[in-house]
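Colleague: What follows is coords_36.tsv, TSV, C-alpha atoms.
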```tsv
chain	number	residue	atom	x	y	z
I	228	MET	CA	-20.86	-19.01	9.22
I	229	ARG	CA	-21.71	-15.95	11.28
I	230	SER	CA	-20.88	-12.55	9.79
I	231	GLU	CA	-18.61	-11.80	12.76
I	232	ASP	CA	-16.52	-14.93	12.19
I	233	PHE	CA	-16.44	-14.39	8.44
I	234	PHE	CA	-15.31	-10.80	8.88
I	235	GLU	CA	-12.60	-11.71	11.41
I	236	ILE	CA	-11.11	-14.32	9.06
I	237	LEU	CA	-11.12	-11.94	6.12
I	238	VAL	CA	-9.51	-9.13	8.11
I	239	ARG	CA	-6.74	-11.43	9.32
I	240	GLN	CA	-6.07	-12.55	5.76
I	241	HIS	CA	-6.08	-9.05	4.31
I	242	SER	CA	-4.67	-6.76	7.02
I	243	ASP	CA	-1.11	-6.79	5.63
I	244	MET	CA	-2.39	-6.04	2.13
I	245	LEU	CA	-4.58	-3.23	3.46
I	246	THR	CA	-1.70	-1.68	5.38
I	247	ALA	CA	0.57	-1.86	2.32
I	248	TYR	CA	-2.13	-0.34	0.15
I	249	LEU	CA	-2.75	2.53	2.57
I	250	ARG	CA	0.97	3.20	2.99
I	251	GLY	CA	1.34	3.32	-0.76
I	252	LEU	CA	-1.31	5.99	-1.02
I	253	ALA	CA	-0.92	8.00	2.16
I	254	PHE	CA	2.81	8.15	3.01
I	255	ASP	CA	1.94	9.27	6.53
I	256	GLU	CA	1.79	6.70	9.31
I	257	SER	CA	-0.80	8.52	11.41
I	258	LEU	CA	-3.08	8.82	8.38
I	259	VAL	CA	-2.48	5.16	7.55
I	260	GLU	CA	-3.47	4.09	11.06
I	261	ASP	CA	-6.56	6.28	11.07
I	262	ALA	CA	-7.60	5.14	7.59
I	263	PHE	CA	-7.00	1.48	8.49
I	264	GLN	CA	-9.30	1.70	11.49
I	265	GLU	CA	-11.93	3.70	9.63
I	266	THR	CA	-11.82	1.25	6.71
I	267	LEU	CA	-12.42	-1.71	9.01
I	268	ILE	CA	-15.29	0.03	10.77
I	269	THR	CA	-16.90	0.84	7.44
I	270	ALA	CA	-16.28	-2.68	6.12
I	271	TRP	CA	-17.82	-4.14	9.29
I	272	ASN	CA	-20.90	-1.97	8.83
I	273	LEU	CA	-21.21	-3.09	5.20
I	274	ILE	CA	-20.20	-6.76	5.54
I	275	ASP	CA	-23.75	-8.01	5.06
I	276	LYS	CA	-23.79	-6.25	1.68
I	277	PHE	CA	-20.52	-7.88	0.57
I	278	ASP	CA	-20.98	-10.40	-2.26
I	279	ARG	CA	-19.23	-13.54	-0.98
I	280	GLU	CA	-18.80	-14.74	-4.56
I	281	ARG	CA	-16.38	-11.89	-5.23
I	282	PRO	CA	-12.85	-11.33	-3.87
I	283	PHE	CA	-12.63	-9.45	-0.59
I	284	GLY	CA	-9.34	-7.60	-1.27
I	285	PRO	CA	-10.58	-5.30	-4.05
I	286	TRP	CA	-13.76	-4.55	-2.09
I	287	LEU	CA	-11.74	-3.64	1.00
I	288	ARG	CA	-9.32	-1.50	-1.04
I	289	GLY	CA	-12.28	0.37	-2.52
I	290	ILE	CA	-13.49	1.21	0.97
I	291	ALA	CA	-9.94	2.23	1.95
I	292	ARG	CA	-9.59	4.46	-1.12
I	293	ASN	CA	-12.89	6.19	-0.38
I	294	THR	CA	-11.92	6.57	3.26
I	295	LEU	CA	-8.61	8.21	2.32
I	296	LEU	CA	-10.33	10.54	-0.12
I	297	ALA	CA	-12.80	11.61	2.55
I	298	MET	CA	-9.98	12.14	5.04
I	299	GLY	CA	-7.98	14.06	2.43
I	300	ARG	CA	-10.89	16.41	1.83
I	301	LYS	CA	-11.08	17.10	5.55
I	302	LYS	CA	-7.32	17.48	6.15
I	303	LYS	CA	-5.58	19.81	3.73
I	304	ARG	CA	-2.09	18.56	4.56
I	305	TYR	CA	-2.91	15.12	3.10
I	306	ARG	CA	-4.47	16.27	-0.16
I	307	HIS	CA	-1.29	16.23	-2.21
I	308	HIS	CA	-0.78	12.52	-1.39
I	309	LEU	CA	-4.20	11.44	-2.56
I	310	THR	CA	-4.29	12.22	-6.25
I	311	GLU	CA	-6.47	10.34	-8.71
I	312	LEU	CA	-3.45	9.18	-10.70
I	313	MET	CA	-1.76	7.62	-7.70
I	314	GLU	CA	-4.91	5.78	-6.71
I	315	ARG	CA	-5.49	4.40	-10.17
I	316	ARG	CA	-1.88	3.29	-10.63
I	317	PHE	CA	-1.65	1.62	-7.22
I	318	ASP	CA	-5.00	-0.15	-7.69
I	319	GLU	CA	-3.79	-1.55	-11.00
I	320	GLN	CA	-0.57	-2.81	-9.48
I	321	MET	CA	-2.30	-4.41	-6.49
I	322	GLU	CA	-4.63	-6.22	-8.88
I	323	ARG	CA	-1.61	-7.50	-10.79
I	324	MET	CA	-0.04	-8.69	-7.53
I	325	GLU	CA	-3.23	-10.57	-6.68
I	326	GLN	CA	-3.03	-12.41	-10.00
I	327	GLN	CA	0.39	-13.82	-9.11
I	328	PRO	CA	0.56	-17.42	-7.88
I	329	GLY	CA	0.19	-17.92	-4.15
I	330	ASP	CA	-2.60	-18.24	-1.69
I	331	THR	CA	-1.58	-15.55	0.77
I	332	PHE	CA	-0.56	-11.92	0.45
I	333	ALA	CA	2.88	-12.86	1.81
I	334	GLU	CA	3.35	-15.44	-0.97
I	335	GLN	CA	2.20	-12.95	-3.57
I	336	MET	CA	4.72	-10.44	-2.26
I	337	ALA	CA	7.70	-12.80	-2.79
I	338	THR	CA	8.46	-11.15	-6.13
I	339	LEU	CA	8.48	-7.72	-4.53
I	340	ARG	CA	10.76	-8.92	-1.72
I	341	ASP	CA	13.15	-10.30	-4.34
I	342	CYS	CA	13.24	-6.94	-6.13
I	343	VAL	CA	13.83	-5.10	-2.84
I	344	ALA	CA	16.71	-7.46	-2.06
I	345	ARG	CA	18.31	-6.50	-5.41
I	346	LEU	CA	18.41	-2.80	-4.51
I	347	GLY	CA	21.63	-1.18	-3.39
I	348	ASP	CA	22.06	-0.68	0.34
I	349	ASP	CA	21.10	3.01	0.32
I	350	HIS	CA	17.94	2.40	-1.72
I	351	ARG	CA	16.95	-0.66	0.30
I	352	HIS	CA	17.43	1.34	3.51
I	353	ALA	CA	15.18	4.13	2.20
I	354	VAL	CA	12.46	1.63	1.24
I	355	ASP	CA	12.76	-0.03	4.66
I	356	LEU	CA	12.38	3.23	6.55
I	357	VAL	CA	9.32	4.41	4.64
I	358	TYR	CA	7.45	1.24	3.65
I	359	ILE	CA	8.43	-1.24	6.34
I	360	ARG	CA	8.89	0.98	9.37
I	361	GLY	CA	6.27	3.49	8.23
I	362	LEU	CA	8.26	6.69	8.75
I	363	ASP	CA	7.33	9.79	6.81
I	364	SER	CA	10.06	11.24	4.59
I	365	HIS	CA	11.05	13.87	7.15
I	366	LEU	CA	11.68	11.33	9.93
I	367	ALA	CA	13.27	8.85	7.52
I	368	ALA	CA	15.67	11.54	6.29
I	369	GLU	CA	16.51	12.39	9.88
I	370	ALA	CA	17.14	8.71	10.68
I	371	SER	CA	19.42	8.47	7.63
I	372	GLY	CA	21.31	11.63	8.52
I	373	LEU	CA	20.39	13.18	5.17
I	374	PRO	CA	18.69	16.39	4.10
I	375	GLU	CA	15.03	15.65	3.37
I	376	GLU	CA	15.30	16.51	-0.33
I	377	THR	CA	18.28	14.15	-0.73
I	378	PHE	CA	16.35	11.38	1.00
I	379	ARG	CA	13.28	11.97	-1.20
I	380	LYS	CA	15.44	11.68	-4.33
I	381	ARG	CA	16.96	8.47	-3.02
I	382	LEU	CA	13.52	7.02	-2.31
I	383	TYR	CA	12.33	8.11	-5.75
I	384	ARG	CA	15.26	6.30	-7.40
I	385	ALA	CA	14.55	3.22	-5.29
I	386	ARG	CA	10.92	3.24	-6.48
I	387	LEU	CA	12.07	3.53	-10.09
I	388	ALA	CA	14.43	0.58	-9.61
I	389	LEU	CA	11.65	-1.47	-8.00
I	390	ALA	CA	9.25	-0.64	-10.80
I	391	GLU	CA	11.84	-1.66	-13.39
I	392	CYS	CA	12.51	-4.95	-11.59
I	393	LEU	CA	8.78	-5.70	-11.25
I	394	ARG	CA	8.20	-4.76	-14.87
I	395	GLY	CA	10.93	-7.22	-15.84
I	396	LYS	CA	9.10	-9.91	-13.87
I	397	GLY	CA	5.81	-9.12	-15.60
I	398	ILE	CA	4.15	-7.49	-12.58
I	399	PHE	CA	4.05	-3.83	-13.66
I	400	SER	CA	2.92	-2.77	-17.09
I	401	GLU	CA	5.00	-0.32	-19.14
I	402	ALA	CA	2.42	2.40	-18.50
I	403	ALA	CA	2.70	2.00	-14.72
I	404	ALA	CA	6.16	3.48	-14.33
```
Could you rewrite the structure in this file as structure tokens?
Modeller:
Amino acid sequence: MRSEDFFEILVRQHSDMLTAYLRGLAFDESLVEDAFQETLITAWNLIDKFDRERPFGPWLRGIARNTLLAMGRKKKRYRHHLTELMERRFDEQMERMEQQPGDTFAEQMATLRDCVARLGDDHRHAVDLVYIRGLDSHLAAEASGLPEETFRKRLYRARLALAECLRGKGIFSEAAA
């Protein structure tokens, strides 16, 4: 199979995962879009060096993580979103998600969707605005008609509830809260 065809198939299979990963680290839709494009360009340039015996997702996330770090060093306003701790924790959780049964990212995310569905309306709405629609906290707060600090607290509580639900389902470790 040609490298171009191989790459196209892999990108189609992993684009949702990559977007979720970048949103989890960056929290800023413009940065996510830029990092997504830059990650794919870098991956394309390195595809001949990719070991086809290994999984593509972790390799692509590594490129994305390095891309975000480089972008964070260049843009001061993104630095606070790109801490080492956040990267390490999110990487660990994505690896756990990949170990769940299912052939596609969508199937692997069924457990997460179930936990989101169990959230209260306010928390589910906050998660939807930030992680599904890709709004930053300022715009999401505005859309909710809430002060930004109130919205951030609501989103924080929603994340805690999701982590607890996922921990109960064996996805998150105790240390990952």
Colleague: Out of I:Asp363, I:Glu391, I:Glu369, I:Glu376, which residue has the shortest atom-to-atom distance to I:Glu256 when counting all atoms listed in the file?
Modeller: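 The closest residue to I:Glu256 is I:Asp363.
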Colleague: Rounded to one decimal in Å, what is the spacing between atom CA of I:Pro374 and atom CA of I:Arg386?
Modeller: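 These atoms are spaced 18.6 Å apart.
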Colleague: With distances taken over only C-alpha atoms, which residue among I:Gly284, I:Leu382, I:Leu295, I:Ser257 lies nearest I:Arg239?
Modeller: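 Using only C-alpha atoms, I:Arg239 sits closest to I:Gly284.
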Colleague: List the neighbours of I:Thr269 out to 9 Å using all atoms listed in the file; skip same-chain residues closer than 4 positions along the sequence, and give me the result as a list in words.
Modeller: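 Here the answer would be Gln264, Glu265, Leu273, Ile274, Ile290, Ala291 and Thr294 of chain I.
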Colleague: Could you give me, as a list in words, the residues that have an atom at most 10 Å away from the point (-4.1, -5.8, 2.6) in the coordinates of the file, using all atoms listed in the file?
Modeller: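 I get Leu237, Val238, Arg239, Gln240, His241, Ser242, Asp243, Met244, Leu245, Thr246, Ala247, Tyr248, Leu249, Phe263, Phe283, Gly284, Pro285, Leu287, Arg288, Ala291, Met321, Phe332 and Ala333 of chain I for the residues within 10 Å of that point.
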Colleague: Select, from I:Trp271, I:Leu362, I:Arg250, I:Gly347, the residue with the minimum atom-to-atom distance to I:Asp232, counting all atoms listed in the file.
Modeller: I:Trp271
Colleague: Record the distance separating atom CA of I:Glu260 and atom CA of I:Glu375, expressed in Å with one decimal.
Modeller: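 These atoms are spaced 23.1 Å apart.
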Colleague: From the set I:Arg340, I:Arg281, I:Arg229, I:Arg394, which residue has the shortest atom-to-atom contact distance to I:Asp355, counting only C-alpha atoms?
Modeller: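 Result for the nearest residue to I:Asp355: I:Arg340.
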Colleague: Between atom CA of I:Met336 and atom CA of I:Ala388, what distance in Å does the model show, to one decimal?
Modeller: 16.4 Å
Colleague: Select, from I:Ile268, I:Ile236, I:Leu389, I:Val259, the residue with the minimum atom-to-atom distance to I:Asp341, counting all atoms listed in the file.
Modeller: I:Leu389
Colleague: Point out the residue among I:Thr338, I:Thr377, I:Ser371, I:Ser364 with the least atom-to-atom distance to I:Lys396, counting all atoms listed in the file.
Modeller: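 Among the listed residues, I:Thr338 lies closest to I:Lys396.
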Colleague: Put the listed atoms of stretch 235-242 of chain I in a box along x, y and z with 4 Å added on every side and give me the centre and edge lengths in Å to one decimal, as lines of an AutoDock Vina configuration file.
Modeller:
```
center_x = -8.6
center_y = -10.5
center_z = 7.9
size_x = 15.9
size_y = 15.6
size_z = 15.1
```
